[in-house]
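Novice: Just query_31.tsv, nothing more (TSV, C-alpha atoms):
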chain	number	residue	atom	x	y	z
F	8	MET	CA	-2.50	22.07	6.76
F	9	ARG	CA	0.22	23.72	8.86
F	10	ARG	CA	-2.19	24.26	11.75
F	11	PHE	CA	-3.40	20.68	11.42
F	12	LEU	CA	0.15	19.34	11.66
F	13	LEU	CA	0.96	21.66	14.56
F	14	GLU	CA	-2.02	20.36	16.52
F	15	ILE	CA	-1.01	16.75	15.92
F	16	SER	CA	2.60	17.42	16.89
F	17	ALA	CA	1.49	19.25	20.06
F	18	HIS	CA	-0.63	16.32	21.24
F	19	MET	CA	2.14	13.86	20.45
F	20	TYR	CA	4.82	16.02	22.09
F	21	LYS	CA	2.86	16.14	25.33
F	22	GLU	CA	2.54	12.36	25.45
F	23	ILE	CA	6.21	11.84	24.55
F	24	LYS	CA	7.19	14.07	27.48
F	25	TYR	CA	5.03	11.93	29.76
F	26	ILE	CA	6.62	8.75	28.44
F	27	MET	CA	10.16	10.04	28.91
F	28	ARG	CA	9.52	10.76	32.57
F	29	ASP	CA	9.78	7.04	33.27
F	30	PRO	CA	11.60	5.28	30.42
F	31	ALA	CA	12.17	2.15	32.54
F	32	TRP	CA	8.83	0.79	31.35
F	33	LEU	CA	10.45	0.21	27.95
F	34	VAL	CA	12.74	-2.41	29.52
F	35	VAL	CA	9.81	-4.14	31.21
F	36	PHE	CA	7.82	-3.95	28.00
F	37	SER	CA	10.65	-5.61	26.05
F	38	ILE	CA	11.07	-8.45	28.54
F	39	PHE	CA	7.45	-9.25	29.28
F	40	PRO	CA	6.65	-11.13	26.03
F	41	TYR	CA	9.52	-13.49	26.83
F	42	VAL	CA	8.26	-13.99	30.36
F	43	MET	CA	4.78	-14.89	29.15
F	44	ALA	CA	6.10	-17.06	26.31
F	45	ALA	CA	8.43	-18.89	28.71
F	46	MET	CA	5.57	-19.51	31.15
F	47	SER	CA	3.43	-20.97	28.36
F	48	CYS	CA	6.30	-23.20	27.23
F	49	LEU	CA	6.94	-24.36	30.80
F	50	MET	CA	3.29	-25.33	31.10
F	51	GLY	CA	3.73	-27.31	27.90
F	52	ILE	CA	6.79	-29.05	29.31
F	53	ALA	CA	4.86	-29.89	32.47
F	54	SER	CA	2.03	-31.28	30.35
F	55	SER	CA	4.49	-33.44	28.42
F	56	TYR	CA	5.23	-35.40	31.61
F	57	ILE	CA	1.55	-36.31	31.77
F	58	SER	CA	1.08	-36.71	28.03
F	59	PRO	CA	4.27	-37.44	26.06
F	60	ASP	CA	2.50	-36.33	22.89
F	61	ALA	CA	1.87	-32.80	24.20
F	62	PHE	CA	4.31	-31.04	21.86
F	63	SER	CA	3.33	-33.10	18.83
F	64	GLU	CA	-0.29	-32.22	19.57
F	65	PHE	CA	0.72	-28.57	19.84
F	66	GLN	CA	2.40	-28.76	16.44
F	67	ARG	CA	-0.59	-30.50	14.89
F	68	ASN	CA	-3.09	-28.01	16.31
F	69	THR	CA	-1.13	-24.81	15.66
F	70	GLY	CA	0.92	-25.76	12.62
F	71	SER	CA	4.01	-24.41	14.40
F	72	SER	CA	7.07	-26.47	15.25
F	73	ASN	CA	8.56	-23.77	17.50
F	74	ALA	CA	6.41	-23.21	20.58
F	75	MET	CA	8.55	-20.36	21.91
F	76	LEU	CA	8.35	-18.47	18.63
F	77	TYR	CA	4.60	-19.09	18.39
F	78	PHE	CA	3.91	-17.62	21.82
F	79	LEU	CA	6.45	-14.83	21.44
F	80	THR	CA	4.81	-13.45	18.30
F	81	GLY	CA	1.39	-13.60	19.93
F	82	TYR	CA	2.37	-11.97	23.22
F	83	GLY	CA	4.53	-9.47	21.36
F	84	ILE	CA	1.39	-8.08	19.75
F	85	MET	CA	-0.78	-8.50	22.83
F	86	PHE	CA	1.14	-6.06	25.03
F	87	PRO	CA	1.22	-3.16	22.54
F	88	SER	CA	-2.50	-3.70	22.02
F	89	PHE	CA	-3.12	-3.45	25.74
F	90	LEU	CA	-0.88	-0.41	25.98
F	91	VAL	CA	-2.63	1.61	23.29
F	92	VAL	CA	-6.13	0.81	24.54
F	93	SER	CA	-5.36	1.39	28.22
F	94	VAL	CA	-3.38	4.58	27.64
F	95	ALA	CA	-6.14	6.12	25.52
F	96	SER	CA	-8.65	5.40	28.27
F	97	GLU	CA	-6.32	6.44	31.09
F	98	ASN	CA	-5.36	9.74	29.45
F	99	THR	CA	-8.98	10.72	29.00
F	100	GLY	CA	-9.75	9.71	32.58
F	101	ALA	CA	-6.81	11.77	33.84
F	102	GLU	CA	-8.01	14.83	31.93
F	103	ILE	CA	-11.48	14.40	33.42
F	104	ALA	CA	-10.13	13.95	36.95
F	105	SER	CA	-7.83	16.97	36.74
F	106	GLY	CA	-10.50	19.17	35.19
F	107	THR	CA	-8.48	19.89	32.06
F	108	LEU	CA	-10.73	18.09	29.58
F	109	GLU	CA	-13.06	21.06	29.32
F	110	GLN	CA	-10.08	23.38	28.80
F	111	ILE	CA	-8.97	21.27	25.86
F	112	PHE	CA	-12.49	21.17	24.47
F	113	VAL	CA	-13.02	24.95	24.65
F	114	SER	CA	-9.67	25.62	22.97
F	115	PRO	CA	-9.48	26.16	19.18
F	116	ALA	CA	-7.85	22.73	18.81
F	117	LYS	CA	-9.85	19.99	17.15
F	118	ARG	CA	-11.18	17.62	19.76
F	119	GLU	CA	-10.94	14.60	17.47
F	120	LEU	CA	-7.20	15.11	17.08
F	121	PHE	CA	-6.71	15.11	20.85
F	122	ILE	CA	-8.63	11.85	21.23
F	123	LEU	CA	-6.98	10.20	18.24
F	124	PHE	CA	-3.33	11.24	18.36
F	125	SER	CA	-2.77	11.08	22.11
F	126	SER	CA	-2.30	7.33	21.65
F	127	PHE	CA	-0.08	7.41	18.57
F	128	PRO	CA	3.22	8.06	20.43
F	129	TYR	CA	2.59	4.89	22.42
F	130	ILE	CA	2.41	2.90	19.20
F	131	LEU	CA	5.80	4.32	18.24
F	132	PHE	CA	7.32	3.51	21.62
F	133	ALA	CA	5.67	0.09	21.57
F	134	MET	CA	7.38	-0.54	18.25
F	135	LEU	CA	10.69	0.49	19.78
F	136	GLY	CA	10.12	-1.96	22.61
F	137	LEU	CA	9.17	-4.71	20.16
F	138	ILE	CA	12.28	-4.14	18.06
F	139	VAL	CA	14.35	-4.67	21.21
F	140	SER	CA	12.18	-7.59	22.26
F	141	TYR	CA	12.22	-9.33	18.87
F	142	ALA	CA	15.91	-8.69	18.17
F	143	PRO	CA	16.91	-12.19	19.44
F	144	LEU	CA	14.87	-13.59	16.54
F	145	LEU	CA	17.85	-12.68	14.38
F	146	LEU	CA	19.73	-15.41	16.24
F	147	MET	CA	17.08	-17.94	15.20
F	148	GLY	CA	17.99	-17.68	11.52
F	149	ILE	CA	15.69	-14.80	10.56
F	150	SER	CA	17.37	-12.38	8.17
F	151	ILE	CA	17.52	-8.64	8.81
F	152	LEU	CA	15.22	-8.03	5.83
F	153	ASP	CA	12.63	-10.49	7.15
F	154	PHE	CA	12.93	-8.90	10.58
F	155	LEU	CA	12.27	-5.43	9.19
F	156	ILE	CA	9.32	-6.67	7.14
F	157	ALA	CA	7.87	-8.39	10.21
F	158	MET	CA	8.22	-5.18	12.24
F	159	THR	CA	6.50	-3.23	9.47
F	160	MET	CA	3.64	-5.72	9.57
F	161	VAL	CA	3.35	-5.31	13.33
F	162	PHE	CA	3.20	-1.53	12.92
F	163	ILE	CA	0.45	-1.81	10.31
F	164	GLY	CA	-1.37	-4.26	12.56
F	165	LEU	CA	-1.35	-1.76	15.44
F	166	LEU	CA	-2.81	1.15	13.47
F	167	PRO	CA	-6.47	0.02	13.82
F	168	LEU	CA	-5.93	0.17	17.59
F	169	LEU	CA	-6.01	3.95	17.32
F	170	GLY	CA	-9.70	3.54	16.55
F	171	LEU	CA	-10.13	1.14	19.47
F	172	GLY	CA	-8.35	3.69	21.64
F	173	VAL	CA	-10.89	6.33	20.64
F	174	LEU	CA	-13.70	3.91	21.53
F	175	ALA	CA	-12.02	3.35	24.91
F	176	SER	CA	-11.87	7.12	25.42
F	177	ASN	CA	-15.55	7.37	24.56
F	178	LEU	CA	-16.40	4.72	27.15
F	179	THR	CA	-14.30	6.59	29.70
F	180	ILE	CA	-16.17	9.83	29.02
F	181	LYS	CA	-19.44	7.96	29.53
F	182	VAL	CA	-18.61	5.90	32.63
F	183	LYS	CA	-15.92	8.25	34.11
F	184	GLU	CA	-13.78	5.27	35.16
F	185	TYR	CA	-10.94	4.60	32.77
F	186	TRP	CA	-10.03	1.21	34.26
F	187	SER	CA	-13.51	-0.13	33.50
F	188	ALA	CA	-13.23	0.66	29.81
F	189	ALA	CA	-9.60	-0.45	29.54
F	190	ASN	CA	-10.09	-3.72	31.45
F	191	PHE	CA	-13.15	-4.63	29.41
F	192	LEU	CA	-11.40	-4.07	26.08
F	193	GLN	CA	-8.22	-5.85	27.21
F	194	ALA	CA	-10.18	-8.91	28.31
F	195	PHE	CA	-12.13	-8.82	25.05
F	196	LEU	CA	-8.96	-8.70	22.96
F	197	THR	CA	-7.33	-11.48	24.98
F	198	LEU	CA	-10.27	-13.81	24.54
F	199	PHE	CA	-10.92	-13.30	20.84
F	200	SER	CA	-7.56	-12.43	19.26
F	201	GLY	CA	-5.73	-15.76	19.44
F	202	PHE	CA	-2.61	-14.42	21.13
F	203	ALA	CA	-1.86	-17.79	22.73
F	204	TYR	CA	-4.02	-20.23	20.78
F	205	PRO	CA	-5.49	-20.62	17.29
F	206	ILE	CA	-8.84	-18.93	16.86
F	207	SER	CA	-9.97	-22.09	15.05
F	208	PHE	CA	-10.33	-23.61	18.53
F	209	LEU	CA	-13.02	-21.10	19.43
F	210	PRO	CA	-16.75	-21.78	19.01
F	211	GLU	CA	-18.20	-20.56	15.75
F	212	TRP	CA	-19.82	-17.44	17.21
F	213	MET	CA	-16.54	-16.46	18.86
F	214	ARG	CA	-14.66	-16.96	15.59
F	215	LEU	CA	-17.09	-14.56	13.94
F	216	VAL	CA	-16.25	-11.96	16.59
F	217	SER	CA	-12.51	-12.54	16.15
F	218	HIS	CA	-12.84	-11.84	12.43
F	219	VAL	CA	-13.78	-8.22	13.15
F	220	LEU	CA	-10.83	-7.63	15.49
F	221	PRO	CA	-7.64	-6.27	13.92
F	222	THR	CA	-5.45	-8.00	16.49
F	223	SER	CA	-6.44	-11.47	15.27
F	224	TYR	CA	-5.40	-10.52	11.74
F	225	ALA	CA	-2.16	-8.97	12.97
F	226	VAL	CA	-1.20	-12.07	14.97
F	227	GLU	CA	-1.87	-14.39	12.05
F	228	LEU	CA	-0.08	-12.09	9.61
F	229	VAL	CA	3.11	-11.85	11.68
F	230	ARG	CA	3.15	-15.53	12.66
F	231	LYS	CA	2.77	-16.67	9.09
F	232	TYR	CA	5.58	-14.44	7.90
F	233	VAL	CA	8.00	-15.18	10.75
F	234	GLU	CA	7.48	-18.93	10.63
F	235	ALA	CA	6.75	-19.57	6.94
F	236	HIS	CA	8.22	-16.42	5.31
F	237	SER	CA	4.90	-15.93	3.56
F	238	ILE	CA	2.87	-12.72	3.42
F	239	SER	CA	-0.87	-13.17	3.88
F	240	TYR	CA	-2.16	-10.37	1.69
F	241	SER	CA	-5.75	-11.06	2.69
F	242	ASN	CA	-4.86	-10.34	6.32
F	243	LEU	CA	-2.80	-7.32	5.29
F	244	TYR	CA	-5.65	-5.82	3.27
F	245	GLY	CA	-8.05	-6.65	6.09
F	246	ILE	CA	-5.92	-4.73	8.59
F	247	VAL	CA	-5.73	-1.68	6.32
F	248	LEU	CA	-9.51	-1.69	5.86
F	249	MET	CA	-10.01	-2.15	9.60
F	250	ALA	CA	-7.72	0.78	10.34
F	251	ILE	CA	-9.96	2.99	8.21
F	252	ALA	CA	-13.16	1.49	9.63
F	253	TYR	CA	-12.14	1.59	13.31
F	254	ILE	CA	-10.74	5.11	13.18
F	255	THR	CA	-13.83	6.35	11.34
F	256	ALA	CA	-16.16	4.58	13.77
F	257	GLY	CA	-14.19	5.90	16.74
F	258	VAL	CA	-14.32	9.51	15.55
F	259	MET	CA	-18.02	9.30	14.66
F	260	SER	CA	-18.91	7.73	18.00
F	261	PHE	CA	-16.87	10.40	19.78
F	262	ARG	CA	-18.91	13.09	18.08
F	263	LEU	CA	-22.10	11.40	19.26
F	264	VAL	CA	-20.79	11.10	22.83
F	265	GLU	CA	-19.59	14.70	22.69
F	266	LYS	CA	-22.93	15.99	21.42
F	267	GLU	CA	-24.97	14.05	23.97
F	268	GLY	CA	-22.55	14.95	26.77
F	269	GLU	CA	-22.67	18.66	26.02
F	270	ARG	CA	-26.45	18.57	25.85
F	271	SER	CA	-26.71	16.91	29.26
F	272	GLY	CA	-23.59	18.49	30.77
F	273	SER	CA	-22.22	15.06	31.70
F	274	ILE	CA	-19.14	15.31	29.50
F	275	TYR	CA	-17.46	17.69	31.94
F	276	SER	CA	-18.53	16.02	35.18
F	277	SER	CA	-16.05	13.78	37.00
Please, can you express the file's structure as structure tokens?
Specialist:
Amino acid sequence: MRRFLLEISAHMYKEIKYIMRDPAWLVVFSIFPYVMAAMSCLMGIASSYISPDAFSEFQRNTGSSNAMLYFLTGYGIMFPSFLVVSVASENTGAEIASGTLEQIFVSPAKRELFILFSSFPYILFAMLGLIVSYAPLLLMGISILDFLIAMTMVFIGLLPLLGLGVLASNLTIKVKEYWSAANFLQAFLTLFSGFAYPISFLPEWMRLVSHVLPTSYAVELVRKYVEAHSISYSNLYGIVLMAIAYITAGVMSFRLVEKEGERSGSIYSS
């Protein structure tokens, strides 16, 4: 157990050192959800000049009377999701490009821990950024207790992304281009997760896809609690089950990629 914990802490320590080299991204990360939410609201205001019923239609379609809060909760989860997926892919790509991936793989350290826990520090720093970003919600009448519960829900909602991060790393090992894997998964999450619109607006086949994405559950869970002070236990249980399923699937698929790559020698080629 001690060795297991030491390996995890070593992987996390390395990533934390990388993060602290340029802490300014935390400021950008905290502001960006407001920028995107403001842009969406401005588009709504522009639409209201064409259709005076634009905001009433928004309320009817989304069930939310506060457009800024609706978009802020969605974009607040979108950016951490992008961060975890892209960082997992980018880190693996960087190890391949620098020729250090094989050094990690021939070391006594467990390869699965490297793939899995290299992304975890970014979830922690994403949560720090979200706490700063969501702090103004306290001025909108949300109590400190509700704020802390909402942040806990966001954290739980981000855990399945560790599994998605492993899948992104697997794609990077296969295609050798981290931006291809990261961009594909980011576009996929944006389209199906309902960050900026209800997933009920999607065609039926797209709604079926959204139901297997943890981000769609996380968005709905946080929105419902922040706006209605109600905990959707079905979404909460779904996220916990997805965390187990995605992490398990990610680790198992990594072992398959690893086995096939070692057989062909492609796992170490850049």
Novice: Please work out which residues fall within 12 Å of (-15.7, 2.7, 32.6), coordinates as given in the file, with all atoms listed in the file counting, and return them as a list in words.
Specialist: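 Neighbouring residues, ordered by chain and number, come to Ser93, Ser96, Glu97, Thr99, Gly100, Leu174, Ala175, Ser176, Asn177, Leu178, Thr179, Ile180, Lys181, Val182, Lys183, Glu184, Tyr185, Trp186, Ser187, Ala188, Ala189, Asn190, Phe191, Leu192 and Ser277 of chain F.
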Novice: Excluding F:Leu248 and its own-chain neighbours fewer than 6 positions away, which residues fall within 10 Å of it when counting only C-alpha atoms? Please give them as number ranges by chain.
Specialist: F: 167, 221, 242
Novice: Excluding same-chain residues fewer than 6 positions from stretch 32-34 of chain F, what lies within 12 Å of it counting all atoms listed in the file, as a list in words?
Specialist: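 Neighbouring residues, sequence-local ones excluded: Tyr25, Ile26, Pro40, Tyr41, Phe86, Pro87, Leu90, Tyr129, Leu131, Phe132, Ala133, Met134, Leu135, Gly136, Leu137, Ile138, Val139 and Ser140 of chain F.
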Novice: Have a look at atom CA of F:Thr159 and atom CA of F:Met19 and let me know their distance in Å, one decimal.
Specialist: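 According to the coordinates, atom CA of F:Thr159 and atom CA of F:Met19 are separated by 20.8 Å.
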Novice: Find the residue from F:Val92, F:Met259, F:Ala225, F:Ile151 that sits nearest to F:Thr80; use only C-alpha atoms when measuring.
Specialist: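 Counting only C-alpha atoms, the residue closest to F:Thr80 is F:Ala225.
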Novice: Atom CA of F:Gly245 to atom CA of F:Tyr204: how many Å, to one decimal?
Specialist: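 Those two atoms sit 20.4 Å apart.
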Novice: Mind pulling up the distance from atom CA of F:Pro128 to atom CA of F:Ser200?
Specialist: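 Rounded to one decimal, the two atoms are 23.2 Å apart.
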